[in-house]
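Participant: My structure is stored as run39.cif, with mmCIF, C-alpha atoms, pLDDT in the B column; chains and numbers go by the auth columns.
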```cif
data_data
loop_
_atom_site.group_PDB
_atom_site.id
_atom_site.type_symbol
_atom_site.label_atom_id
_atom_site.label_comp_id
_atom_site.label_asym_id
_atom_site.label_seq_id
_atom_site.Cartn_x
_atom_site.Cartn_y
_atom_site.Cartn_z
_atom_site.B_iso_or_equiv
_atom_site.auth_seq_id
_atom_site.auth_asym_id
ATOM 1 C CA MET A 1 -3.683 23.250 22.705 64.00 97 A
ATOM 2 C CA PHE A 2 -1.090 24.532 20.217 81.00 98 A
ATOM 3 C CA THR A 3 -0.830 27.761 18.258 83.00 99 A
ATOM 4 C CA PRO A 4 -1.026 27.220 14.461 80.00 100 A
ATOM 5 C CA ASN A 5 2.492 28.490 13.727 91.00 101 A
ATOM 6 C CA LEU A 6 4.203 26.866 16.702 95.00 102 A
ATOM 7 C CA LEU A 7 6.774 25.051 14.527 97.00 103 A
ATOM 8 C CA GLU A 8 6.951 27.526 11.657 96.00 104 A
ATOM 9 C CA GLY A 9 10.344 27.543 9.945 95.00 105 A
ATOM 10 C CA GLN A 10 11.338 24.151 11.339 98.00 106 A
ATOM 11 C CA VAL A 11 12.042 21.042 9.264 98.00 107 A
ATOM 12 C CA ALA A 12 10.980 17.627 10.540 98.00 108 A
ATOM 13 C CA ILE A 13 11.941 14.150 9.321 98.00 109 A
ATOM 14 C CA VAL A 14 9.497 11.359 10.199 98.00 110 A
ATOM 15 C CA THR A 15 10.689 7.826 9.435 98.00 111 A
ATOM 16 C CA GLY A 16 7.919 5.361 8.714 97.00 112 A
ATOM 17 C CA GLY A 17 5.960 8.486 7.875 97.00 113 A
ATOM 18 C CA GLY A 18 3.809 7.120 5.064 96.00 114 A
ATOM 19 C CA THR A 19 1.310 5.232 7.204 95.00 115 A
ATOM 20 C CA GLY A 20 -0.190 4.855 10.664 93.00 116 A
ATOM 21 C CA LEU A 21 1.338 6.712 13.582 95.00 117 A
ATOM 22 C CA GLY A 22 4.123 8.175 11.463 97.00 118 A
ATOM 23 C CA LEU A 23 1.650 9.736 9.058 97.00 119 A
ATOM 24 C CA ALA A 24 -0.448 11.116 11.919 97.00 120 A
ATOM 25 C CA ILE A 25 2.670 12.646 13.469 98.00 121 A
ATOM 26 C CA ALA A 26 3.830 14.110 10.152 98.00 122 A
ATOM 27 C CA LYS A 27 0.415 15.662 9.574 98.00 123 A
ATOM 28 C CA ARG A 28 0.282 17.154 13.066 98.00 124 A
ATOM 29 C CA LEU A 29 3.752 18.690 12.846 98.00 125 A
ATOM 30 C CA GLY A 30 2.893 20.050 9.416 98.00 126 A
ATOM 31 C CA GLU A 31 -0.326 21.599 10.720 97.00 127 A
ATOM 32 C CA LEU A 32 1.796 23.408 13.299 97.00 128 A
ATOM 33 C CA GLY A 33 3.960 24.945 10.580 97.00 129 A
ATOM 34 C CA ALA A 34 6.840 22.490 10.168 98.00 130 A
ATOM 35 C CA ARG A 35 8.065 21.492 6.736 98.00 131 A
ATOM 36 C CA ILE A 36 7.786 17.723 6.501 98.00 132 A
ATOM 37 C CA VAL A 37 9.985 14.919 5.195 98.00 133 A
ATOM 38 C CA ILE A 38 8.562 11.400 5.298 98.00 134 A
ATOM 39 C CA GLY A 39 10.712 8.318 4.845 98.00 135 A
ATOM 40 C CA SER A 40 9.628 4.751 4.128 97.00 136 A
ATOM 41 C CA ARG A 41 11.022 1.568 2.613 96.00 137 A
ATOM 42 C CA LYS A 42 7.953 1.160 0.410 96.00 138 A
ATOM 43 C CA ALA A 43 7.271 3.495 -2.496 96.00 139 A
ATOM 44 C CA ALA A 44 3.535 2.765 -2.298 97.00 140 A
ATOM 45 C CA ASN A 45 3.417 3.967 1.318 96.00 141 A
ATOM 46 C CA LEU A 46 5.286 7.133 0.393 97.00 142 A
ATOM 47 C CA GLU A 47 2.913 7.833 -2.482 97.00 143 A
ATOM 48 C CA ALA A 48 -0.215 7.295 -0.377 97.00 144 A
ATOM 49 C CA GLY A 49 1.163 9.230 2.584 97.00 145 A
ATOM 50 C CA SER A 50 2.276 12.140 0.424 98.00 146 A
ATOM 51 C CA ALA A 51 -1.155 12.292 -1.205 98.00 147 A
ATOM 52 C CA GLU A 52 -2.843 12.456 2.202 97.00 148 A
ATOM 53 C CA LEU A 53 -0.497 15.177 3.406 98.00 149 A
ATOM 54 C CA ARG A 54 -1.029 17.193 0.235 98.00 150 A
ATOM 55 C CA HIS A 55 -4.781 16.825 0.709 97.00 151 A
ATOM 56 C CA ALA A 56 -4.249 18.396 4.149 97.00 152 A
ATOM 57 C CA GLY A 57 -2.545 21.377 2.496 97.00 153 A
ATOM 58 C CA LEU A 58 1.056 20.290 3.114 97.00 154 A
ATOM 59 C CA ASP A 59 3.910 19.869 0.648 97.00 155 A
ATOM 60 C CA PRO A 60 6.069 17.000 1.933 98.00 156 A
ATOM 61 C CA LEU A 61 9.363 15.679 0.650 98.00 157 A
ATOM 62 C CA ALA A 62 9.106 11.897 0.326 98.00 158 A
ATOM 63 C CA VAL A 63 12.287 9.802 0.427 98.00 159 A
ATOM 64 C CA GLN A 64 12.484 6.053 0.004 98.00 160 A
ATOM 65 C CA VAL A 65 14.862 4.782 2.681 98.00 161 A
ATOM 66 C CA ASP A 66 15.678 1.592 4.555 98.00 162 A
ATOM 67 C CA VAL A 67 16.804 2.820 7.973 98.00 163 A
ATOM 68 C CA ARG A 68 18.835 -0.391 8.424 98.00 164 A
ATOM 69 C CA ASN A 69 21.204 0.943 5.767 98.00 165 A
ATOM 70 C CA PRO A 70 23.379 3.792 7.112 98.00 166 A
ATOM 71 C CA GLU A 71 24.280 4.962 3.602 98.00 167 A
ATOM 72 C CA GLN A 72 20.599 5.367 2.739 98.00 168 A
ATOM 73 C CA VAL A 73 20.037 7.211 6.012 98.00 169 A
ATOM 74 C CA ASP A 74 22.878 9.596 5.171 98.00 170 A
ATOM 75 C CA GLU A 75 21.272 10.190 1.773 98.00 171 A
ATOM 76 C CA LEU A 76 17.927 10.933 3.472 98.00 172 A
ATOM 77 C CA VAL A 77 19.635 13.594 5.566 98.00 173 A
ATOM 78 C CA GLN A 78 21.494 15.092 2.608 98.00 174 A
ATOM 79 C CA ARG A 79 18.372 15.213 0.443 98.00 175 A
ATOM 80 C CA THR A 80 16.509 16.960 3.250 98.00 176 A
ATOM 81 C CA ILE A 81 19.272 19.549 3.628 98.00 177 A
ATOM 82 C CA ARG A 82 19.427 20.134 -0.136 98.00 178 A
ATOM 83 C CA HIS A 83 15.648 20.559 -0.296 98.00 179 A
ATOM 84 C CA PHE A 84 14.927 22.526 2.896 98.00 180 A
ATOM 85 C CA GLY A 85 18.354 23.781 3.999 98.00 181 A
ATOM 86 C CA HIS A 86 18.462 22.298 7.506 98.00 182 A
ATOM 87 C CA ILE A 87 16.882 19.824 9.958 98.00 183 A
ATOM 88 C CA ASP A 88 15.358 20.730 13.328 98.00 184 A
ATOM 89 C CA ILE A 89 13.329 17.655 14.265 98.00 185 A
ATOM 90 C CA LEU A 90 13.759 13.892 13.871 99.00 186 A
ATOM 91 C CA ILE A 91 11.010 11.390 14.689 98.00 187 A
ATOM 92 C CA ASN A 92 12.321 7.814 14.857 98.00 188 A
ATOM 93 C CA ASN A 93 9.104 5.980 14.035 98.00 189 A
ATOM 94 C CA ALA A 94 10.155 3.255 11.577 96.00 190 A
ATOM 95 C CA ALA A 95 9.496 -0.123 13.178 93.00 191 A
ATOM 96 C CA GLY A 96 8.783 -3.775 12.581 89.00 192 A
ATOM 97 C CA ASN A 97 7.001 -6.271 14.794 87.00 193 A
ATOM 98 C CA PHE A 98 5.157 -9.578 14.817 88.00 194 A
ATOM 99 C CA ILE A 99 4.042 -11.987 17.526 88.00 195 A
ATOM 100 C CA CYS A 100 6.364 -14.945 18.033 90.00 196 A
ATOM 101 C CA ARG A 101 7.440 -17.077 20.982 93.00 197 A
ATOM 102 C CA ALA A 102 11.127 -16.670 21.790 94.00 198 A
ATOM 103 C CA GLU A 103 11.910 -20.334 21.162 95.00 199 A
ATOM 104 C CA ASP A 104 10.369 -20.102 17.699 95.00 200 A
ATOM 105 C CA LEU A 105 12.003 -16.823 16.684 96.00 201 A
ATOM 106 C CA SER A 106 14.553 -17.209 13.893 97.00 202 A
ATOM 107 C CA PRO A 107 17.808 -15.249 13.783 97.00 203 A
ATOM 108 C CA ASN A 108 16.487 -13.523 10.655 97.00 204 A
ATOM 109 C CA GLY A 109 13.313 -12.489 12.481 96.00 205 A
ATOM 110 C CA TRP A 110 15.318 -11.170 15.418 96.00 206 A
ATOM 111 C CA ASN A 111 17.756 -9.277 13.181 97.00 207 A
ATOM 112 C CA ALA A 112 14.990 -7.775 11.051 96.00 208 A
ATOM 113 C CA VAL A 113 13.230 -6.137 13.994 97.00 209 A
ATOM 114 C CA VAL A 114 16.383 -5.148 15.884 97.00 210 A
ATOM 115 C CA GLY A 115 17.837 -3.780 12.635 98.00 211 A
ATOM 116 C CA ILE A 116 14.887 -1.486 11.974 98.00 212 A
ATOM 117 C CA VAL A 117 14.074 -0.412 15.521 98.00 213 A
ATOM 118 C CA LEU A 118 17.440 -0.189 17.299 98.00 214 A
ATOM 119 C CA ASN A 119 20.031 0.124 14.552 98.00 215 A
ATOM 120 C CA GLY A 120 17.795 2.306 12.395 98.00 216 A
ATOM 121 C CA SER A 121 17.031 4.687 15.256 98.00 217 A
ATOM 122 C CA PHE A 122 20.750 5.013 15.971 98.00 218 A
ATOM 123 C CA TYR A 123 21.723 5.549 12.337 98.00 219 A
ATOM 124 C CA CYS A 124 19.071 8.254 11.955 98.00 220 A
ATOM 125 C CA SER A 125 19.906 9.911 15.277 98.00 221 A
ATOM 126 C CA ARG A 126 23.623 9.894 14.493 98.00 222 A
ATOM 127 C CA ALA A 127 23.202 11.350 11.002 98.00 223 A
ATOM 128 C CA VAL A 128 20.736 14.046 12.055 98.00 224 A
ATOM 129 C CA GLY A 129 22.626 14.719 15.294 98.00 225 A
ATOM 130 C CA ARG A 130 25.850 15.390 13.409 98.00 226 A
ATOM 131 C CA HIS A 131 24.031 17.948 11.265 98.00 227 A
ATOM 132 C CA MET A 132 22.453 19.600 14.313 98.00 228 A
ATOM 133 C CA ILE A 133 25.814 19.769 16.104 98.00 229 A
ATOM 134 C CA GLU A 134 27.547 21.269 13.069 98.00 230 A
ATOM 135 C CA ARG A 135 24.729 23.765 12.526 98.00 231 A
ATOM 136 C CA GLY A 136 24.875 24.869 16.154 98.00 232 A
ATOM 137 C CA LYS A 137 21.205 25.710 16.605 98.00 233 A
ATOM 138 C CA GLY A 138 20.085 22.669 18.573 98.00 234 A
ATOM 139 C CA GLY A 139 17.131 20.483 17.728 98.00 235 A
ATOM 140 C CA SER A 140 14.793 17.794 18.979 98.00 236 A
ATOM 141 C CA ILE A 141 14.719 14.019 18.523 99.00 237 A
ATOM 142 C CA VAL A 142 11.751 11.876 19.558 98.00 238 A
ATOM 143 C CA SER A 143 11.653 8.078 19.239 98.00 239 A
ATOM 144 C CA ILE A 144 8.486 5.976 19.245 98.00 240 A
ATOM 145 C CA LEU A 145 8.718 3.098 21.715 97.00 241 A
ATOM 146 C CA ALA A 146 5.932 0.941 23.202 93.00 242 A
ATOM 147 C CA ASN A 147 4.496 0.664 26.704 90.00 243 A
ATOM 148 C CA TYR A 148 5.978 -2.829 27.125 89.00 244 A
ATOM 149 C CA VAL A 149 9.449 -1.256 27.056 90.00 245 A
ATOM 150 C CA TRP A 150 8.974 -0.978 30.844 86.00 246 A
ATOM 151 C CA THR A 151 7.830 -4.545 31.438 87.00 247 A
ATOM 152 C CA GLY A 152 8.667 -6.791 28.500 87.00 248 A
ATOM 153 C CA SER A 153 5.818 -8.689 26.865 85.00 249 A
ATOM 154 C CA PRO A 154 5.430 -12.339 25.850 87.00 250 A
ATOM 155 C CA GLY A 155 5.668 -12.813 22.092 89.00 251 A
ATOM 156 C CA THR A 156 7.579 -9.604 21.463 91.00 252 A
ATOM 157 C CA ILE A 157 11.086 -10.373 22.709 94.00 253 A
ATOM 158 C CA HIS A 158 12.657 -8.903 19.552 96.00 254 A
ATOM 159 C CA SER A 159 10.641 -5.668 19.669 94.00 255 A
ATOM 160 C CA ALA A 160 10.789 -5.293 23.463 94.00 256 A
ATOM 161 C CA ALA A 161 14.571 -5.741 23.522 96.00 257 A
ATOM 162 C CA ALA A 162 15.085 -3.373 20.577 97.00 258 A
ATOM 163 C CA LYS A 163 12.831 -0.661 22.003 97.00 259 A
ATOM 164 C CA ALA A 164 14.474 -0.996 25.417 96.00 260 A
ATOM 165 C CA GLY A 165 17.752 -0.326 23.616 97.00 261 A
ATOM 166 C CA VAL A 166 16.247 2.781 22.026 98.00 262 A
ATOM 167 C CA MET A 167 15.065 3.918 25.459 98.00 263 A
ATOM 168 C CA SER A 168 18.612 3.642 26.797 98.00 264 A
ATOM 169 C CA MET A 169 19.931 5.377 23.680 98.00 265 A
ATOM 170 C CA THR A 170 17.429 8.205 24.249 98.00 266 A
ATOM 171 C CA GLN A 171 18.605 8.768 27.796 98.00 267 A
ATOM 172 C CA THR A 172 22.283 8.524 26.844 98.00 268 A
ATOM 173 C CA LEU A 173 22.014 10.958 23.931 98.00 269 A
ATOM 174 C CA ALA A 174 19.991 13.355 26.080 98.00 270 A
ATOM 175 C CA VAL A 175 23.004 13.719 28.356 98.00 271 A
ATOM 176 C CA GLU A 176 25.687 13.650 25.646 98.00 272 A
ATOM 177 C CA TRP A 177 23.996 16.155 23.367 98.00 273 A
ATOM 178 C CA ALA A 178 22.500 18.543 25.927 98.00 274 A
ATOM 179 C CA ARG A 179 25.544 20.804 25.528 98.00 275 A
ATOM 180 C CA HIS A 180 24.591 21.150 21.849 98.00 276 A
ATOM 181 C CA LYS A 181 21.013 22.145 22.824 98.00 277 A
ATOM 182 C CA ILE A 182 19.681 18.931 21.274 98.00 278 A
ATOM 183 C CA ARG A 183 16.819 17.492 23.302 98.00 279 A
ATOM 184 C CA VAL A 184 16.207 13.725 23.009 98.00 280 A
ATOM 185 C CA ASN A 185 12.958 12.181 24.251 98.00 281 A
ATOM 186 C CA ALA A 186 10.582 9.315 23.470 98.00 282 A
ATOM 187 C CA VAL A 187 6.939 8.326 23.690 98.00 283 A
ATOM 188 C CA ALA A 188 5.770 4.828 24.592 95.00 284 A
ATOM 189 C CA PRO A 189 2.268 4.181 23.234 93.00 285 A
ATOM 190 C CA GLY A 190 0.021 1.361 24.338 88.00 286 A
ATOM 191 C CA PRO A 191 -2.804 0.007 22.146 86.00 287 A
ATOM 192 C CA ILE A 192 -3.591 2.601 19.480 87.00 288 A
ATOM 193 C CA GLU A 193 -6.468 2.463 16.997 85.00 289 A
ATOM 194 C CA SER A 194 -4.845 1.980 13.615 77.00 290 A
ATOM 195 C CA PRO A 195 -5.442 -0.028 10.445 64.00 291 A
ATOM 196 C CA GLY A 196 -1.745 -0.902 10.481 59.00 292 A
ATOM 197 C CA ALA A 197 0.509 -2.653 12.971 56.00 293 A
ATOM 198 C CA ALA A 198 -1.825 -2.826 15.968 56.00 294 A
ATOM 199 C CA ARG A 199 -4.629 -4.567 14.091 54.00 295 A
ATOM 200 C CA GLN A 200 -2.164 -6.923 12.402 57.00 296 A
ATOM 201 C CA LEU A 201 -0.847 -8.005 15.802 59.00 297 A
ATOM 202 C CA TRP A 202 -4.292 -8.328 17.409 61.00 298 A
ATOM 203 C CA ASN A 203 -6.523 -9.310 14.522 64.00 299 A
ATOM 204 C CA THR A 204 -9.477 -10.928 16.321 72.00 300 A
ATOM 205 C CA GLN A 205 -12.291 -9.245 18.208 78.00 301 A
ATOM 206 C CA GLU A 206 -11.545 -11.447 21.210 77.00 302 A
ATOM 207 C CA ALA A 207 -7.966 -10.151 21.328 75.00 303 A
ATOM 208 C CA VAL A 208 -9.127 -6.551 20.924 78.00 304 A
ATOM 209 C CA ASP A 209 -11.664 -6.939 23.736 81.00 305 A
ATOM 210 C CA ARG A 210 -9.106 -8.563 26.024 80.00 306 A
ATOM 211 C CA ILE A 211 -6.637 -5.733 25.476 80.00 307 A
ATOM 212 C CA THR A 212 -9.337 -3.092 25.944 82.00 308 A
ATOM 213 C CA ASN A 213 -10.213 -4.609 29.310 82.00 309 A
ATOM 214 C CA MET A 214 -6.555 -4.341 30.371 82.00 310 A
ATOM 215 C CA VAL A 215 -6.636 -0.562 29.905 85.00 311 A
ATOM 216 C CA PRO A 216 -7.915 1.313 32.991 81.00 312 A
ATOM 217 C CA LEU A 217 -9.491 3.952 30.720 83.00 313 A
ATOM 218 C CA LYS A 218 -11.245 1.083 28.850 85.00 314 A
ATOM 219 C CA ARG A 219 -10.451 2.236 25.349 87.00 315 A
ATOM 220 C CA TRP A 220 -7.699 2.275 22.762 86.00 316 A
ATOM 221 C CA GLY A 221 -5.777 5.451 22.065 86.00 317 A
ATOM 222 C CA GLN A 222 -6.022 7.496 18.883 93.00 318 A
ATOM 223 C CA PRO A 223 -3.093 8.268 16.556 95.00 319 A
ATOM 224 C CA SER A 224 -3.862 11.962 17.082 95.00 320 A
ATOM 225 C CA GLU A 225 -3.192 11.586 20.815 96.00 321 A
ATOM 226 C CA VAL A 226 0.279 10.213 20.148 97.00 322 A
ATOM 227 C CA ALA A 227 0.870 12.924 17.544 97.00 323 A
ATOM 228 C CA ASP A 228 -0.083 15.615 20.061 97.00 324 A
ATOM 229 C CA ALA A 229 2.357 14.183 22.612 97.00 325 A
ATOM 230 C CA VAL A 230 5.140 14.210 20.034 98.00 326 A
ATOM 231 C CA ALA A 231 4.253 17.778 19.064 98.00 327 A
ATOM 232 C CA PHE A 232 4.538 18.804 22.703 98.00 328 A
ATOM 233 C CA LEU A 233 7.970 17.175 23.065 98.00 329 A
ATOM 234 C CA VAL A 234 9.401 18.928 19.993 98.00 330 A
ATOM 235 C CA SER A 235 7.847 22.287 20.859 97.00 331 A
ATOM 236 C CA PRO A 236 9.192 25.155 22.991 96.00 332 A
ATOM 237 C CA ALA A 237 6.618 24.146 25.631 95.00 333 A
ATOM 238 C CA SER A 238 8.947 21.262 26.594 97.00 334 A
ATOM 239 C CA SER A 239 12.193 23.221 26.394 97.00 335 A
ATOM 240 C CA PHE A 240 13.394 21.954 29.812 98.00 336 A
ATOM 241 C CA ILE A 241 12.518 18.298 29.121 98.00 337 A
ATOM 242 C CA THR A 242 15.123 15.860 27.821 98.00 338 A
ATOM 243 C CA GLY A 243 15.770 12.171 28.392 98.00 339 A
ATOM 244 C CA GLU A 244 12.094 11.635 29.195 98.00 340 A
ATOM 245 C CA ILE A 245 9.908 8.670 28.161 97.00 341 A
ATOM 246 C CA LEU A 246 6.237 9.673 28.010 97.00 342 A
ATOM 247 C CA THR A 247 3.918 6.649 28.264 94.00 343 A
ATOM 248 C CA ILE A 248 0.613 7.003 26.400 92.00 344 A
ATOM 249 C CA ASP A 249 -1.478 3.931 27.191 87.00 345 A
ATOM 250 C CA GLY A 250 -4.462 4.886 29.360 87.00 346 A
ATOM 251 C CA GLY A 251 -2.689 3.487 32.402 83.00 347 A
ATOM 252 C CA ALA A 252 -2.394 -0.036 30.944 83.00 348 A
ATOM 253 C CA TRP A 253 1.131 -0.802 32.061 81.00 349 A
ATOM 254 C CA LEU A 254 0.305 0.327 35.613 82.00 350 A
ATOM 255 C CA GLY A 255 -2.480 -2.244 35.957 67.00 351 A
ATOM 256 C CA ARG A 256 -0.224 -5.297 36.080 63.00 352 A
ATOM 257 C CA GLY A 257 0.315 -5.549 39.824 46.00 353 A
ATOM 258 C CA THR A 258 -0.547 -8.428 42.138 41.00 354 A
ATOM 259 C CA PHE A 259 -4.010 -7.016 42.914 38.00 355 A
ATOM 260 C CA ALA A 260 -4.841 -5.819 39.400 44.00 356 A
ATOM 261 C CA PHE A 261 -8.026 -7.949 39.480 43.00 357 A
ATOM 262 C CA ILE A 262 -9.615 -5.755 42.178 41.00 358 A
ATOM 263 C CA GLU A 263 -12.269 -3.411 40.763 44.00 359 A
#
```
Can you turn what I pasted into structure tokens?
Facilitator:
Amino acid sequence: MFTPNLLEGQVAIVTGGGTGLGLAIAKRLGELGARIVIGSRKAANLEAGSAELRHAGLDPLAVQVDVRNPEQVDELVQRTIRHFGHIDILINNAAGNFICRAEDLSPNGWNAVVGIVLNGSFYCSRAVGRHMIERGKGGSIVSILANYVWTGSPGTIHSAAAKAGVMSMTQTLAVEWARHKIRVNAVAPGPIESPGAARQLWNTQEAVDRITNMVPLKRWGQPSEVADAVAFLVSPASSFITGEILTIDGGAWLGRGTFAFIE
């Protein structure tokens, strides 16, 4: 699908890059020639993620960062520039989520998720965008959303609202920054096989089976499939695409109509 050196010479930051989808994306971009920076709040995740990337033949820069803190985000950007010289790609993947009814959600729970997903994506986009504008060579930003950004979803009001904000931010920045040759897109995954967030949210076989049956393709996606979609969006193959939200869910969000029960 991609040539091995497709992203050679480019530098990519992946937030939440030590585990799960972020790690899969970092590995894929690295396999295509990009130099990789992974960011995470947890040192243990950075250590494990870096070890896996090194095992794959990559040499990542690992930076401990809380994307809710704009000063730490600025330091992430500066460390990347000092280490690699520039930034070409940003993947806003850092996220937080848990199932909770709206009436039971505490202000702290709301603020935690909105802070990571919405505020963190803005802080990272702003910091990296300023560098890309000053450098004058363009760049690509991709944010990781969720397929319920289109519909909302019971139990995820904090995450759905935050990711909807990131969707609007994506479309707004795509227009504002097009004159700087900065493309801004997003992917919206559905259920993805992962030992991380997905299995924590749906941790019984009954829940997994129910979700599988909601997917027209009757399976969960693979992290590699999301990583390939991200690779496409940051590559020259998508050079005329900006402001786009690519849904990767096997058709799940489309199957919610009035007659969805008809086989």
Participant: List the residues matched by the PyMOL selection byres ((chain A and resi 175) around 12) in the displayed structure as a list in words, ordered by chain and then by residue number.
Facilitator: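 For this structure, the PyMOL selection byres ((chain A and resi 175) around 12) captures Ile109, Val133, Ile134, Gly135, Leu157, Ala158, Val159, Gln160, Val161, Gln168, Val169, Asp170, Glu171, Leu172, Val173, Gln174, Thr176, Ile177, Arg178, His179, Phe180, Gly181, His182, Ile183 and Val224 of chain A.
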Participant: Place a sphere of radius 9 Å on (-1.1, 4.1, 32.0) in the file coordinates and name every protein, DNA or RNA residue with an atom inside or on its surface, counting all atoms listed in the file; give the answer as a ChimeraX atom specification.
Facilitator: /A:243,286,311-313,343-351
Participant: For A:Ala327, which residue out of A:Ala144, A:Ile187, A:His151, A:Ala242 is the nearest one, using only C-alpha atoms?
Facilitator: A:Ile187
Participant: What would the list of residues within 10 Å of (15.6, 2.4, 18.4) (file frame) look like as a PyMOL selection string, if all atoms listed in the file are what count?
Facilitator: chain A and resi 188-191+209-221+239-241+255+257-266+282
Participant: Report, in Å to a single decimal, how far apart atom CA of A:Asn141 and atom CA of A:Asp184 are.
Facilitator: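 Between atom CA of A:Asp184 and atom CA of A:Asn141 the gap is 23.8 Å.
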Participant: With distances taken over only C-alpha atoms, which residue among A:Gly317, A:Pro332, A:Pro285, A:Gly113 lies nearest A:Gly235?
Facilitator: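 Ranked by minimum distance to A:Gly235, first place goes to A:Pro332.
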Participant: Which residue gives the smallest distance to A:Asn101 among A:Ala323, A:Ser331, A:Ile121, A:Gln301, with all atoms listed in the file counted?
Facilitator: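 The shortest atom-to-atom distance to A:Asn101 comes from A:Ser331.
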Participant: In Å, rounded to a single decimal, give me how far atom CA of A:Val238 is from atom CA of A:Arg131.
Facilitator: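 That distance, rounded to one decimal, is 16.4 Å.
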Participant: How many Å separate atom CA of A:Phe336 from atom CA of A:Ser236?
Facilitator: 11.7 Å
